[in-house]
Each structure stands twice: as C-alpha cells, then as structure tokens.
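File shown: final-v7.cif. Contents: mmCIF, C-alpha atoms and all ligand atoms.
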```cif
data_input
#
loop_
_atom_site.label_atom_id
_atom_site.label_comp_id
_atom_site.auth_asym_id
_atom_site.auth_seq_id
_atom_site.Cartn_x
_atom_site.Cartn_y
_atom_site.Cartn_z
CA MET N 92 20.73 21.52 2.82
CA THR N 93 17.17 21.94 1.49
CA LEU N 94 15.58 18.91 3.14
CA GLN N 95 13.45 19.76 6.17
CA VAL N 96 13.44 16.91 8.66
CA LEU N 97 10.67 17.18 11.25
CA ALA N 98 10.38 15.20 14.48
CA GLN N 99 7.34 13.30 15.77
CA VAL N 100 4.94 13.93 12.88
CA SER N 101 1.45 12.42 12.83
CA LEU N 102 0.99 10.31 9.70
CA LYS N 103 -2.81 10.60 9.85
CA PRO N 104 -2.97 13.01 6.88
CA PHE N 105 -0.48 10.87 4.95
CA ASN N 106 -2.31 7.51 4.86
CA SER N 107 -5.72 6.97 3.27
CA PHE N 108 -6.89 4.75 6.17
CA GLY N 109 -6.49 7.87 8.33
CA ILE N 110 -4.64 5.93 11.02
CA ASP N 111 -3.00 8.10 13.63
CA VAL N 112 0.54 6.89 14.19
CA ARG N 113 3.66 9.01 14.43
CA ALA N 114 6.81 9.10 12.36
CA GLN N 115 9.89 9.55 14.51
CA TRP N 116 11.28 11.69 11.67
CA PHE N 117 9.49 12.96 8.54
CA ALA N 118 10.61 14.76 5.40
CA GLU N 119 9.34 15.50 1.89
CA ALA N 120 11.58 15.03 -1.16
CA ARG N 121 11.09 17.58 -3.95
CA SER N 122 14.20 16.66 -5.95
CA ASP N 123 16.71 13.86 -6.47
CA ALA N 124 19.10 15.88 -4.29
CA ASP N 125 16.54 15.79 -1.44
CA VAL N 126 16.28 12.01 -1.84
CA ARG N 127 20.05 11.64 -1.57
CA GLU N 128 20.12 13.99 1.42
CA ALA N 129 17.44 11.92 3.15
CA LEU N 130 19.42 8.73 2.52
CA ALA N 131 22.58 10.34 3.91
CA TYR N 132 20.65 11.61 6.96
CA ALA N 133 19.16 8.17 7.65
CA THR N 134 22.57 6.51 7.28
CA ALA N 135 24.29 9.06 9.52
CA GLN N 136 21.62 8.63 12.22
CA SER N 137 21.47 4.81 11.76
CA LEU N 138 17.78 5.12 10.98
CA PRO N 139 15.68 2.96 8.69
CA LEU N 140 14.12 4.92 5.80
CA LEU N 141 10.50 4.37 4.80
CA VAL N 142 9.52 5.89 1.45
CA ILE N 143 5.87 6.72 0.92
CA GLY N 144 3.82 8.33 -1.82
CA GLY N 145 0.13 9.06 -1.28
CA GLY N 146 -0.20 6.50 1.54
CA SER N 147 -3.15 4.83 -0.22
CA ASN N 148 -1.76 1.31 0.01
CA LEU N 149 -0.50 1.31 3.59
CA LEU N 150 -1.68 -0.24 6.84
CA LEU N 151 0.20 1.46 9.67
CA THR N 152 0.01 -0.56 12.89
CA GLN N 153 2.53 1.27 15.07
CA ASP N 154 4.59 4.43 15.38
CA ILE N 155 7.26 4.35 12.69
CA GLN N 156 10.73 4.42 14.22
CA ALA N 157 12.36 5.63 11.03
CA LEU N 158 12.77 8.58 8.72
CA VAL N 159 9.56 8.60 6.67
CA LEU N 160 10.28 10.20 3.29
CA ARG N 161 7.25 11.33 1.32
CA MET N 162 7.94 11.61 -2.39
CA ALA N 163 6.79 15.04 -3.62
CA THR N 164 8.92 15.37 -6.75
CA GLN N 165 7.07 16.96 -9.68
CA GLY N 166 7.44 16.96 -13.46
CA VAL N 167 5.95 15.37 -16.55
CA ARG N 168 7.61 15.38 -19.97
CA VAL N 169 7.30 13.82 -23.43
CA LEU N 170 10.56 11.98 -24.19
CA GLN N 171 9.73 10.57 -27.62
CA ASP N 172 7.03 11.38 -30.17
CA ASP N 173 6.82 9.92 -33.68
CA GLY N 174 3.44 11.50 -34.36
CA VAL N 175 1.53 8.41 -33.20
CA ASN N 176 3.46 6.74 -30.40
CA VAL N 177 4.84 8.68 -27.47
CA VAL N 178 6.91 7.97 -24.40
CA VAL N 179 5.96 10.10 -21.41
CA GLU N 180 8.00 10.32 -18.23
CA ALA N 181 6.66 11.44 -14.84
CA GLU N 182 8.42 12.07 -11.54
CA ALA N 183 7.60 9.73 -8.66
CA GLY N 184 5.80 12.34 -6.56
CA GLU N 185 3.26 13.25 -9.25
CA ALA N 186 -0.27 12.37 -8.16
CA TRP N 187 -1.49 9.47 -10.30
CA HIS N 188 -4.97 10.58 -11.39
CA PRO N 189 -4.00 14.16 -12.36
CA PHE N 190 -1.17 12.59 -14.39
CA VAL N 191 -3.67 10.32 -16.17
CA VAL N 192 -5.83 13.38 -16.92
CA TRP N 193 -2.74 15.21 -18.27
CA THR N 194 -2.04 12.36 -20.71
CA LEU N 195 -5.67 12.34 -21.89
CA GLU N 196 -5.71 16.11 -22.35
CA HIS N 197 -2.67 15.71 -24.59
CA GLY N 198 -4.52 13.12 -26.68
CA PHE N 199 -2.48 10.14 -25.43
CA CYS N 200 -4.37 6.87 -25.08
CA GLY N 201 -3.37 4.07 -22.68
CA LEU N 202 -3.99 5.08 -19.07
CA GLU N 203 -7.74 5.77 -19.26
CA ASN N 204 -8.76 2.50 -17.54
CA LEU N 205 -6.47 3.38 -14.63
CA SER N 206 -8.36 6.60 -13.87
CA LEU N 207 -9.10 7.68 -10.32
CA ILE N 208 -6.63 5.32 -8.64
CA PRO N 209 -5.25 7.24 -5.66
CA GLY N 210 -1.54 7.56 -4.97
CA THR N 211 1.56 8.59 -6.85
CA VAL N 212 3.34 7.69 -10.08
CA GLY N 213 6.34 6.33 -8.16
CA ALA N 214 4.28 3.77 -6.26
CA ALA N 215 2.34 2.56 -9.33
CA PRO N 216 4.97 -0.02 -10.38
CA MET N 217 5.21 -1.40 -6.83
CA GLN N 218 2.11 -3.54 -7.24
CA ASN N 219 1.70 -3.10 -10.98
CA ILE N 220 -1.53 -1.18 -10.39
CA GLY N 221 -4.47 -2.48 -12.34
CA ALA N 222 -8.13 -1.80 -12.96
CA TYR N 223 -10.76 -2.56 -15.58
CA GLY N 224 -8.57 -5.00 -17.47
CA VAL N 225 -5.42 -2.87 -17.74
CA GLU N 226 -2.25 -2.97 -15.64
CA ILE N 227 0.67 -0.58 -15.85
CA LYS N 228 2.79 -3.36 -17.31
CA ASP N 229 0.63 -2.99 -20.47
CA VAL N 230 1.87 0.57 -21.06
CA PHE N 231 5.19 0.46 -19.25
CA ALA N 232 8.28 1.84 -21.01
CA GLY N 233 10.80 1.83 -18.15
CA LEU N 234 11.68 3.44 -14.85
CA THR N 235 14.66 4.90 -13.06
CA ALA N 236 15.33 3.87 -9.49
CA LEU N 237 17.98 4.64 -6.93
CA ASP N 238 19.71 1.61 -5.48
CA ARG N 239 19.71 2.41 -1.78
CA HIS N 240 22.47 -0.12 -1.19
CA THR N 241 24.98 1.44 -3.58
CA GLY N 242 23.63 4.95 -4.25
CA GLU N 243 23.66 4.23 -8.01
CA LEU N 244 20.87 4.95 -10.48
CA ARG N 245 19.47 2.06 -12.47
CA ASP N 246 17.07 1.96 -15.42
CA PHE N 247 14.65 -0.98 -15.44
CA SER N 248 13.07 -2.42 -18.57
CA LEU N 249 9.65 -4.11 -18.60
CA GLN N 250 11.19 -7.59 -18.31
CA GLU N 251 13.42 -6.59 -15.40
CA CYS N 252 10.47 -5.43 -13.26
CA ASN N 253 8.95 -8.96 -13.00
CA PHE N 254 5.46 -7.53 -13.12
CA ALA N 255 2.65 -9.94 -12.22
CA TYR N 256 -0.86 -9.64 -10.80
CA ARG N 257 -0.52 -6.87 -8.14
CA ASP N 258 3.16 -7.72 -7.88
CA SER N 259 6.63 -6.69 -9.03
CA LEU N 260 10.31 -7.11 -8.22
CA PHE N 261 10.09 -3.91 -6.12
CA LYS N 262 7.50 -5.42 -3.80
CA HIS N 263 9.93 -8.24 -3.01
CA GLU N 264 13.15 -6.23 -2.78
CA THR N 265 11.64 -3.79 -0.28
CA GLY N 266 14.06 -1.27 1.09
CA ARG N 267 16.37 -1.50 -1.90
CA TRP N 268 14.86 0.40 -4.83
CA LEU N 269 13.64 3.97 -4.53
CA ILE N 270 11.67 4.73 -7.69
CA LEU N 271 12.46 8.23 -8.95
CA ARG N 272 10.58 8.41 -12.26
CA VAL N 273 8.50 6.17 -14.52
CA ARG N 274 8.05 6.07 -18.30
CA PHE N 275 4.91 5.07 -20.19
CA ALA N 276 4.41 4.05 -23.84
CA LEU N 277 1.20 5.76 -24.95
CA SER N 278 -0.37 6.36 -28.31
CA ARG N 279 -2.47 8.88 -30.21
CA ALA N 280 -4.16 5.89 -31.88
CA ARG N 281 -7.12 4.50 -29.99
CA HIS N 282 -6.66 1.03 -28.52
CA LEU N 283 -9.50 1.06 -26.06
CA LYS N 284 -10.21 -1.82 -23.71
CA LEU N 285 -13.91 -1.78 -23.07
CA ASP N 286 -14.76 -5.44 -22.49
CA TYR N 287 -14.43 -5.28 -18.74
CA GLY N 288 -17.41 -5.30 -16.40
CA PRO N 289 -19.81 -2.41 -16.73
CA VAL N 290 -17.65 -0.04 -18.85
CA GLN N 291 -19.38 -0.73 -22.16
CA GLN N 292 -22.85 -0.54 -20.60
CA ARG N 293 -22.03 2.75 -18.90
CA LEU N 294 -20.90 4.26 -22.21
CA ALA N 295 -23.95 2.88 -24.03
CA GLY N 296 -26.20 4.28 -21.30
CA GLN N 297 -24.70 7.71 -22.03
CA GLY N 298 -25.46 7.27 -25.75
CA ILE N 299 -21.72 7.04 -26.60
CA THR N 300 -21.04 4.68 -29.51
CA GLU N 301 -17.58 5.92 -30.62
CA ALA N 302 -15.88 6.41 -27.27
CA THR N 303 -12.77 8.55 -26.87
CA PRO N 304 -10.17 7.73 -24.19
CA SER N 305 -11.54 10.66 -22.16
CA ASP N 306 -15.08 9.20 -22.42
CA VAL N 307 -13.74 5.92 -21.04
CA SER N 308 -11.95 7.73 -18.24
CA ARG N 309 -15.10 9.64 -17.27
CA ALA N 310 -17.21 6.44 -17.38
CA ILE N 311 -14.72 4.63 -15.14
CA CYS N 312 -14.56 7.58 -12.73
CA SER N 313 -18.34 7.58 -12.41
CA ILE N 314 -18.48 3.78 -11.82
CA ARG N 315 -15.71 4.00 -9.22
CA ARG N 316 -17.34 6.93 -7.40
CA GLU N 317 -20.55 4.89 -7.04
CA LYS N 318 -18.84 1.77 -5.66
CA LEU N 319 -15.82 2.90 -3.69
CA PRO N 320 -15.64 4.98 -0.53
CA ASP N 321 -13.73 8.26 -0.90
CA PRO N 322 -10.81 8.10 1.58
CA ALA N 323 -11.39 11.80 2.33
CA GLU N 324 -14.75 10.77 3.81
CA LEU N 325 -14.17 7.20 4.99
CA GLY N 326 -10.68 5.84 5.61
CA ASN N 327 -9.71 2.88 3.42
CA ALA N 328 -6.90 1.50 1.26
CA GLY N 329 -9.00 0.21 -1.64
CA SER N 330 -9.11 -3.56 -2.04
CA PHE N 331 -7.77 -5.04 1.17
CA PHE N 332 -7.15 -8.52 -0.27
CA LYS N 333 -5.81 -9.68 -3.62
CA ASN N 334 -8.14 -11.79 -5.71
CA PRO N 335 -6.90 -15.33 -4.98
CA LEU N 336 -5.56 -17.54 -7.76
CA VAL N 337 -6.66 -21.15 -7.16
CA SER N 338 -6.45 -24.46 -8.99
CA HIS N 339 -9.03 -25.40 -11.57
CA VAL N 340 -10.01 -28.34 -9.37
CA LEU N 341 -10.77 -26.23 -6.31
CA ALA N 342 -12.65 -23.67 -8.43
CA ALA N 343 -14.77 -26.49 -9.92
CA GLU N 344 -15.53 -27.88 -6.44
CA LEU N 345 -16.58 -24.44 -5.23
CA LYS N 346 -18.66 -23.83 -8.36
CA ALA N 347 -20.54 -27.08 -7.74
CA GLN N 348 -21.36 -25.89 -4.22
CA TYR N 349 -21.90 -22.22 -5.10
CA PRO N 350 -23.18 -21.90 -8.69
CA ASP N 351 -22.97 -18.08 -8.49
CA LEU N 352 -19.21 -18.17 -7.66
CA VAL N 353 -17.35 -15.41 -9.56
CA ALA N 354 -14.26 -16.96 -11.17
CA TYR N 355 -12.12 -16.01 -14.17
CA PRO N 356 -9.78 -18.43 -16.02
CA GLN N 357 -6.13 -17.33 -16.19
CA ALA N 358 -3.60 -17.89 -18.96
CA ASP N 359 -1.61 -20.29 -16.75
CA GLY N 360 -4.63 -22.57 -16.16
CA GLN N 361 -5.41 -21.25 -12.69
CA MET N 362 -8.69 -19.57 -11.79
CA LYS N 363 -8.94 -16.07 -10.28
CA LEU N 364 -11.74 -15.84 -7.72
CA ALA N 365 -13.34 -12.52 -6.82
CA ALA N 366 -12.28 -12.08 -3.19
CA GLY N 367 -15.13 -9.59 -2.71
CA TRP N 368 -17.64 -12.26 -3.68
CA LEU N 369 -16.20 -14.74 -1.13
CA ILE N 370 -16.26 -12.16 1.69
CA ASP N 371 -19.77 -11.06 0.77
CA LYS N 372 -20.99 -14.66 0.58
CA ALA N 373 -19.54 -15.31 4.04
CA GLY N 374 -21.73 -12.49 5.37
CA TRP N 375 -19.09 -9.88 6.17
CA LYS N 376 -20.35 -7.06 3.94
CA GLY N 377 -21.34 -4.11 6.16
CA PHE N 378 -19.87 -5.77 9.31
CA ARG N 379 -18.56 -3.31 11.89
CA ASP N 380 -16.58 -3.85 15.08
CA GLY N 381 -15.88 -0.55 16.79
CA ASP N 382 -14.46 1.73 14.15
CA ALA N 383 -13.12 -1.05 11.91
CA GLY N 384 -15.51 -2.38 9.30
CA VAL N 385 -16.22 -3.94 5.93
CA HIS N 386 -17.68 -1.48 3.45
CA LYS N 387 -21.42 -1.69 2.86
CA LEU N 388 -21.19 -1.66 -0.93
CA GLN N 389 -17.86 -3.40 -1.60
CA ALA N 390 -16.88 -6.28 0.71
CA LEU N 391 -13.28 -6.19 -0.48
CA VAL N 392 -12.74 -2.79 1.10
CA LEU N 393 -12.02 -2.54 4.84
CA VAL N 394 -12.81 0.85 6.33
CA ASN N 395 -11.93 3.04 9.29
CA TYR N 396 -15.02 4.80 10.65
CA GLY N 397 -12.80 7.25 12.52
CA ALA N 398 -10.68 6.02 15.39
CA ALA N 399 -9.72 2.49 14.33
CA THR N 400 -6.09 1.59 14.92
CA GLY N 401 -4.00 -0.35 12.45
CA HIS N 402 -4.32 -3.30 14.83
CA ASP N 403 -8.13 -3.06 14.76
CA ILE N 404 -8.04 -3.28 10.95
CA ALA N 405 -5.43 -6.07 10.98
CA ASN N 406 -7.46 -8.08 13.52
CA LEU N 407 -10.62 -7.75 11.44
CA ALA N 408 -8.64 -8.82 8.37
CA LEU N 409 -7.38 -11.88 10.24
CA ARG N 410 -10.91 -12.89 11.26
CA ILE N 411 -12.03 -12.61 7.65
CA GLN N 412 -9.02 -14.59 6.38
CA ARG N 413 -9.67 -17.41 8.87
CA ASP N 414 -13.37 -17.55 8.00
CA ILE N 415 -12.72 -17.63 4.24
CA ALA N 416 -10.08 -20.35 4.67
CA GLU N 417 -12.51 -22.45 6.72
CA ARG N 418 -15.52 -21.99 4.44
CA PHE N 419 -13.91 -22.07 1.01
CA LYS N 420 -10.40 -23.53 1.56
CA VAL N 421 -9.04 -20.32 0.03
CA ASP N 422 -6.21 -18.21 1.49
CA LEU N 423 -6.65 -14.47 1.12
CA GLU N 424 -3.48 -12.43 0.85
CA MET N 425 -3.45 -8.87 2.09
CA GLU N 426 -2.79 -6.23 -0.58
CA PRO N 427 -1.70 -3.10 1.34
CA ASN N 428 1.81 -2.87 2.73
CA GLN N 429 1.82 -3.25 6.52
CA TYR N 430 4.30 -1.37 8.73
P1 LIG Z 501 1.91 4.30 -0.80
O1 LIG Z 501 0.72 3.73 -0.14
O2 LIG Z 501 2.46 5.55 -0.25
O3 LIG Z 501 3.07 3.20 -0.80
C1 LIG Z 501 2.80 1.88 -1.22
C2 LIG Z 501 4.11 1.08 -1.18
O4 LIG Z 501 5.01 1.57 -2.15
C3 LIG Z 501 4.84 1.19 0.15
O5 LIG Z 501 5.46 -0.05 0.40
C4 LIG Z 501 5.88 2.27 -0.10
O6 LIG Z 501 7.02 2.09 0.74
C5 LIG Z 501 6.23 2.03 -1.55
N1 LIG Z 501 6.61 3.24 -2.30
C6 LIG Z 501 5.86 4.34 -2.49
N2 LIG Z 501 6.49 5.21 -3.31
C7 LIG Z 501 7.67 4.63 -3.63
C8 LIG Z 501 8.78 5.02 -4.45
N3 LIG Z 501 8.80 6.19 -5.11
N4 LIG Z 501 9.83 4.18 -4.56
C9 LIG Z 501 9.84 2.99 -3.90
N5 LIG Z 501 8.82 2.57 -3.11
C10 LIG Z 501 7.75 3.37 -2.99
N6 LIG Z 501 -4.69 -0.14 -6.60
C11 LIG Z 501 -4.80 -0.74 -7.80
O7 LIG Z 501 -3.87 -1.44 -8.25
N7 LIG Z 501 -5.93 -0.62 -8.56
C12 LIG Z 501 -6.97 0.13 -8.17
O8 LIG Z 501 -7.96 0.23 -8.87
C13 LIG Z 501 -6.90 0.77 -6.88
N8 LIG Z 501 -7.94 1.48 -6.41
C14 LIG Z 501 -7.87 2.05 -5.17
C15 LIG Z 501 -8.98 2.77 -4.69
C16 LIG Z 501 -8.93 3.37 -3.45
C17 LIG Z 501 -10.13 4.13 -2.94
C18 LIG Z 501 -7.75 3.29 -2.67
C19 LIG Z 501 -7.67 3.97 -1.33
C20 LIG Z 501 -6.66 2.57 -3.12
C21 LIG Z 501 -6.71 1.94 -4.38
N9 LIG Z 501 -5.62 1.20 -4.89
C22 LIG Z 501 -5.71 0.62 -6.12
C23 LIG Z 501 -4.39 1.05 -4.10
C24 LIG Z 501 -3.39 2.24 -4.25
O9 LIG Z 501 -4.06 3.40 -4.67
C25 LIG Z 501 -2.28 1.92 -5.24
O10 LIG Z 501 -1.57 0.77 -4.85
C26 LIG Z 501 -1.29 3.09 -5.39
O11 LIG Z 501 -0.38 2.82 -6.43
C27 LIG Z 501 -0.50 3.38 -4.11
O12 LIG Z 501 0.21 4.59 -4.32
P2 LIG Z 501 0.71 5.46 -3.11
O13 LIG Z 501 1.53 6.57 -3.68
O14 LIG Z 501 -0.42 5.88 -2.26
O15 LIG Z 501 1.65 4.44 -2.35
P1 LIG Z 502 -15.77 -5.83 -10.21
O1 LIG Z 502 -15.90 -5.14 -11.53
O2 LIG Z 502 -16.94 -5.90 -9.30
O3 LIG Z 502 -15.17 -7.28 -10.42
C1 LIG Z 502 -14.91 -8.11 -9.30
C2 LIG Z 502 -13.60 -8.83 -9.54
O4 LIG Z 502 -13.72 -9.69 -10.64
C3 LIG Z 502 -12.54 -7.84 -9.84
O5 LIG Z 502 -11.69 -7.78 -8.72
C4 LIG Z 502 -11.87 -8.31 -11.10
O6 LIG Z 502 -10.52 -8.70 -10.93
C5 LIG Z 502 -12.65 -9.51 -11.54
N1 LIG Z 502 -13.16 -9.27 -12.92
C6 LIG Z 502 -14.27 -8.58 -13.29
N2 LIG Z 502 -14.42 -8.62 -14.62
C7 LIG Z 502 -13.38 -9.34 -15.11
C8 LIG Z 502 -12.98 -9.71 -16.41
N3 LIG Z 502 -13.70 -9.39 -17.50
N4 LIG Z 502 -11.85 -10.44 -16.54
C9 LIG Z 502 -11.13 -10.78 -15.47
N5 LIG Z 502 -11.45 -10.44 -14.21
C10 LIG Z 502 -12.57 -9.73 -14.03
O7 LIG Z 502 -14.56 -5.13 -9.40
P2 LIG Z 502 -14.52 -3.78 -8.61
O8 LIG Z 502 -14.22 -4.09 -7.20
O9 LIG Z 502 -15.68 -2.90 -8.95
O10 LIG Z 502 -13.20 -3.11 -9.20
C11 LIG Z 502 -13.16 -2.72 -10.56
C12 LIG Z 502 -11.72 -2.69 -11.01
O11 LIG Z 502 -10.98 -1.74 -10.24
C13 LIG Z 502 -11.01 -4.04 -10.81
O12 LIG Z 502 -10.10 -4.21 -11.86
C14 LIG Z 502 -10.27 -3.87 -9.51
O13 LIG Z 502 -9.09 -4.63 -9.44
C15 LIG Z 502 -9.94 -2.37 -9.53
N6 LIG Z 502 -9.88 -1.87 -8.15
C16 LIG Z 502 -8.76 -2.15 -7.43
C17 LIG Z 502 -8.64 -1.70 -6.14
C18 LIG Z 502 -7.38 -1.95 -5.36
O14 LIG Z 502 -7.19 -1.35 -4.32
N7 LIG Z 502 -6.51 -2.81 -5.80
C19 LIG Z 502 -9.65 -0.95 -5.56
C20 LIG Z 502 -10.79 -0.72 -6.32
C21 LIG Z 502 -10.89 -1.17 -7.61
P3 LIG Z 502 -9.29 -7.70 -11.06
O15 LIG Z 502 -9.19 -7.03 -9.75
O16 LIG Z 502 -8.15 -8.64 -11.29
O17 LIG Z 502 -9.50 -6.76 -12.17
#
```

Represent the structure of the file as structure tokens.
Amino acid sequence: MTLQVLAQVSLKPFNSFGIDVRAQWFAEARSDADVREALAYATAQSLPLLVIGGGSNLLLTQDIQALVLRMATQGVRVLQDDGVNVVVEAEAGEAWHPFVVWTLEHGFCGLENLSLIPGTVGAAPMQNIGAYGVEIKDVFAGLTALDRHTGELRDFSLQECNFAYRDSLFKHETGRWLILRVRFALSRARHLKLDYGPVQQRLAGQGITEATPSDVSRAICSIRREKLPDPAELGNAGSFFKNPLVSHVLAAELKAQYPDLVAYPQADGQMKLAAGWLIDKAGWKGFRDGDAGVHKLQALVLVNYGAATGHDIANLALRIQRDIAERFKVDLEMEPNQY
C-alpha cells in the first residue's frame, strides 16, 4: 500500500478561494495504482470519493465528509509525431500552465491561448477550459478515464466528450469518470488565433509583427496578470459565472436599453452576453461584504479577502444573481463546482 490516507485535513491550501474547510479523509494519487487503492479504500469504508486537481474551480461550503483524492500524477510524452503534427499526452496531475509552457518549448503550437489558466490537465476537460477564443475541444485528441462504477478504463474521443461552452459530459456524469490522462493534437505549423480582444494590440505594442506561439503566450500572460487577481494573494476561482447565452430577441431589447451592452452572436443564433459587463453595470464591481467581495478590476470574479466562508461567497453570488435577473431578465449560472 503506497497511498497515504490522512484524517481531518484542512483544504485551505488546496482550493484557490482559500476557504478553510476540512476533509474527513485526504490522500494524493501519484499513480494509477494509487487511484485504484483510493477507490477500494472509499468503497471499503462506504465513503464518497471527491477527486480534485488544483482546486481552482471549487466553492467549498462545508467540511467534506468523504475521501478527498488530489490528483498528483506526473508525466508528459509525445505519442505521435509526423514531423508537423504531434499528439502529446499528459497525466491528470500535471499542472496546466507548466504543461502549456512545455509544449511551447518543444515548438508545438495550439495551447498558447490557454496560458496561465490555473489547475491541472485532468480537470481541463471537465469544463472544456477556454480563453482568448480557444477551448480545449479545439486541440483535443482523446482522454483515458476510469469508470468508477465498473473499475474499467475507457478512452473517449472528441465526439464522446460532448464538449460545449464551459461544459462536457464529465460535468454532468459527476462521480462516474475519473480522468487519468489527456491527449492533445498540436502542430509545429503556426495556426495562431489572434483576433480575440486585446491580444493583437498587445503584440503590436511590443513591436511584434510575426508572432510565435511563445510570443502569444507571453502576451496573454501579461494581459491576464493585469486583469486577474492572483489566488496566492487574493482568493478566487476565476470567473464565478458563465457568460449567459440568451435569445436574439432579449439581446436586442437589452441593446435598445443599454447601447453599450457587450454581446457576441453564436453559431446557433443565440447571443452570448458578457456576464462581467452585466454585473459591472448593476454596480457590483468592487462591492465588499465582510471578507466576500467582487473584484475591483473584473466584476466576474468573486474574491475572498481572507476569512470568507463558502457560504459568504455563495450568499453574495445569490444576491448578484437575483439582481441581474431583476434588472436584465438574465439568469447567471455559477461556473465553479460547489461542494
Ligand atoms: P479543480 O478545481 O480541482 O476541480 C474542478 C472539478 O473537476 C471538480 O468538480 C473536480 O471534482 C473535478 N476534477 C478535477 N480533476 C479531475 C479528474 N482528474 N477527473 C475527474 N474529475 C476531476 N477556466 C477557464 O476555462 N478559462 C480560464 O481562462 C480560467 N481562468 C482562471 C483564472 C483564475 C485566476 C482562476 C482561479 C481560475 C480560472 N479558471 C479558468 C478556472 C479553473 O482554473 C479551470 O476550470 C481549471 O481547469 C480547474 O482545474 P483544477 O485542477 O483546479 O480543478
Ligand atoms: P474580456 O476579454 O474582457 O471579454 C469579456 C467577455 O466577452 C469574455 O468573457 C468573452 O467570452 C467575451 N468575448 C470577448 N471577445 C470576444 C470575441 N472576439 N468573441 C467572442 N466572445 C468574446 O474577458 P476577460 O474576462 O478578460 O477574459 C479573457 C479570456 O479569458 C476570456 O476568454 C475568458 O473566458 C477567459 N477567462 C476565463 C476565466 C474562467 O474562470 N473561466 C477566468 C479568467 C479569464 P468568453 O469567456 O466566452 O471567451
């Protein structure tokens, strides 16, 4: 037995909101064998099992009466390489941003727009992480997951993951699939996506006309560092709400009332509204109640100034949701996973 199971562990260092709740039991998996041992332990003790990665998309509102298993498996490898196109596989416990940097250092293009997203490789498919116009579905080549119901391994193709905006099959079948490793289709050829927000301007401002993937990554890192609070300094889980998808009719009504409304047409005819704009417009930016607050620079990010509980954050979120529904007739859906 290599798995170390510890009792009554504070999860404060293991969630980016910095919320101090306890795990009844806690262990770190460094291999597939550890994962199987943890499953057997949880079954034998009739305990639920909660798998976490970097804890950067969690809102913990109570002590967790379960075995919390933190994925710490390591390993990155090139599976296929035809000189231009490559398939790279990474273990679930690999930290996401260092993995992105590894791909760039090897000359592989594809993940640069997803730079500086906290968390692990294994959690990335959960909500089909996305930023600056790229989602992992755009570079996804497959994943291997353990079916917790049967103990069998299963490979998932792109189609089988049901990826959508901040969504996947895994987010719906919670408690079933434990993602062990993920594969990405990357390329030595440059297919840069620069048409999103301030990326192009940032590169131009640096005098870069022929950007490399690493240039794009650095530009995105610098934009993100300016706008987003660093969880090491101020607890947060990134965007707290998804950008709502609304009908064309509602978007047109809102646009008539608020000409500066930020809205993007979607392929299916719906409109995506910038949730941050709605929350800002409603006057919540910089709001603080005790230690729970709305970030001063980015209204979509809820923050913990130190001693906020998960309930404090959830209550603030509820107040914002009610206000936005009343003002704009728009329902905001929470993005982090609440336990
Ligand atoms: P965790 O928070 O540990 O877990 C998230 C969920 O996945 C939980 O339900 C957990 O049970 C489950 N899970 C974790 N690992 C596994 C596994 N191996 N198998 C099965 N289930 C698993 N997200 C974006 O999409 N785009 C962004 O640009 C972005 N920016 C962010 C910026 C900041 C400052 C922060 C704090 C967060 C940001 N996020 C962003 C959200 C977050 O970083 C991502 O969702 C990330 O993928 C979460 O990874 P994690 O390892 O921390 O997952
Ligand atoms: P931003 O650039 O200020 O844009 C505000 C919103 O408008 C974004 O949420 C984005 O939606 C949308 N948008 C902007 N340009 C767009 C375009 N050309 N086409 C379609 N939609 C567009 O956003 P930001 O807050 O600084 O974040 C920048 C990027 O990082 C965004 O992609 C955002 O999703 C991502 N991010 C995510 C998190 C998280 O926790 N999920 C945290 C921080 C940043 P999209 O979100 O759909 O891209």

>> What does the list of residues within 6 Å of ligand LIG 501 (chain Z) look like if you count all atoms listed in the file, written as a PyMOL selection string?
In response: chain N and resi 107+141-149+183+208-211+213-215+217+220-222+268-271+319+321-322+327-329+428

>> Around ligand LIG 502 (chain Z), which protein and nucleic acid residues have at least one atom no more than 8 Å from it, if we count all atoms listed in the file? List them as JSON, numbers by chain.
In response: {"N": [148, 208, 220, 221, 222, 223, 224, 225, 256, 257, 286, 287, 288, 289, 314, 315, 318, 319, 328, 329, 330, 331, 332, 333, 334, 353, 354, 355, 356, 363, 364, 365, 366, 367, 368, 389, 391, 392, 426]}

> Which value, in Å to one decimal, gives the distance between atom CA of N:Gly298 and atom CA of N:Leu285?
Replying inline: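 Rounded to one decimal, the two atoms are 14.9 Å apart.
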
> Nearest to N:Phe105: which of N:Leu160, N:Leu294, N:Ala131, N:Leu195 is it, counting only C-alpha atoms?
Replying inline: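 Ranked by minimum distance to N:Phe105, first place goes to N:Leu160.
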
> What is the distance between atom CA of N:Ala358 and atom CA of N:Leu207, in Å to one decimal?
Replying inline: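 A separation of 27.5 Å between them.
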
>> Please compute the atom CA of N:Thr93-atom CA of N:Gly166 distance, one decimal, in Å.
In response: 18.5 Å

> Near N:Gln156, counting all atoms listed in the file, which residues have an atom at most 12 Å away, once you skip same-chain residues fewer than 2 positions from it, shown as a VMD selection string?
Replying inline: chain N and resid 98 to 100 112 to 117 133 136 to 141 151 to 154 158 to 159 430

>> Show me, as a list in words, the residues that have an atom within 6 Å of N:Gln361 when counting all atoms listed in the file, minus same-chain residues fewer than 5 positions from it.
In response: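 Near N:Gln361, the qualifying residues are Val337, Ser338 and His339 of chain N.
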
>> Counting only C-alpha atoms, which residue out of N:Gly401, N:Pro304, N:Pro335, N:Gly184 sits closest to N:Gln429?
In response: N:Gly401

> N:Lys228: which residues within 9 Å, counting only C-alpha atoms, same-chain residues fewer than 6 positions away excluded, as a PyMOL selection string?
Replying inline: chain N and resi 216+219-221+249+252+254-255

> Contacts of N:Ile411 at 10 Å or less, counting only C-alpha atoms, minus same-chain residues fewer than 4 places along, as a list of chain:residue names?
Replying inline: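 Surrounding residues, per the criterion: N:Leu369, N:Ile370, N:Ala373, N:Gly374, N:Trp375, N:Val385, N:Ala405, N:Asn406, N:Leu407, N:Ile415, N:Ala416, N:Glu417, N:Leu423.
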
> For N:Val191, which of N:Ala302, N:Asn253, N:Ser308, N:Phe247 is the closest residue, counting all atoms listed in the file?
Replying inline: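 Comparing N:Ala302, N:Asn253, N:Ser308, N:Phe247 against N:Val191, the winner is N:Ser308.
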
>> Ranking N:Asp172, N:Leu130, N:Arg161, N:Asp238 by minimum distance to N:Asn106 and counting only C-alpha atoms, which one comes first?
In response: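 Closest candidate: N:Arg161.
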
> Of the residues N:Gln348, N:Thr400, N:Asn395, N:Ser305, which is the one nearest to N:Glu203, using all atoms listed in the file?
Replying inline: N:Ser305

Can you report as lines of an AutoDock Vina configuration file the centre and edge lengths in Å, to one decimal, of an axis-aligned box around the listed atoms of stretch 346-363 of chain N padded with 4 Å on each side?
```
center_x = -12.4
center_y = -21.2
center_z = -11.6
size_x = 29.6
size_y = 19.7
size_z = 22.7
```

>> List the spatial neighbours of N:Gly201 as a PyMOL selection string - criterion: any atom at most 7 Å away, only C-alpha atoms, same-chain residues fewer than 2 positions off excluded.
In response: chain N and resi 199+203+230+277-278
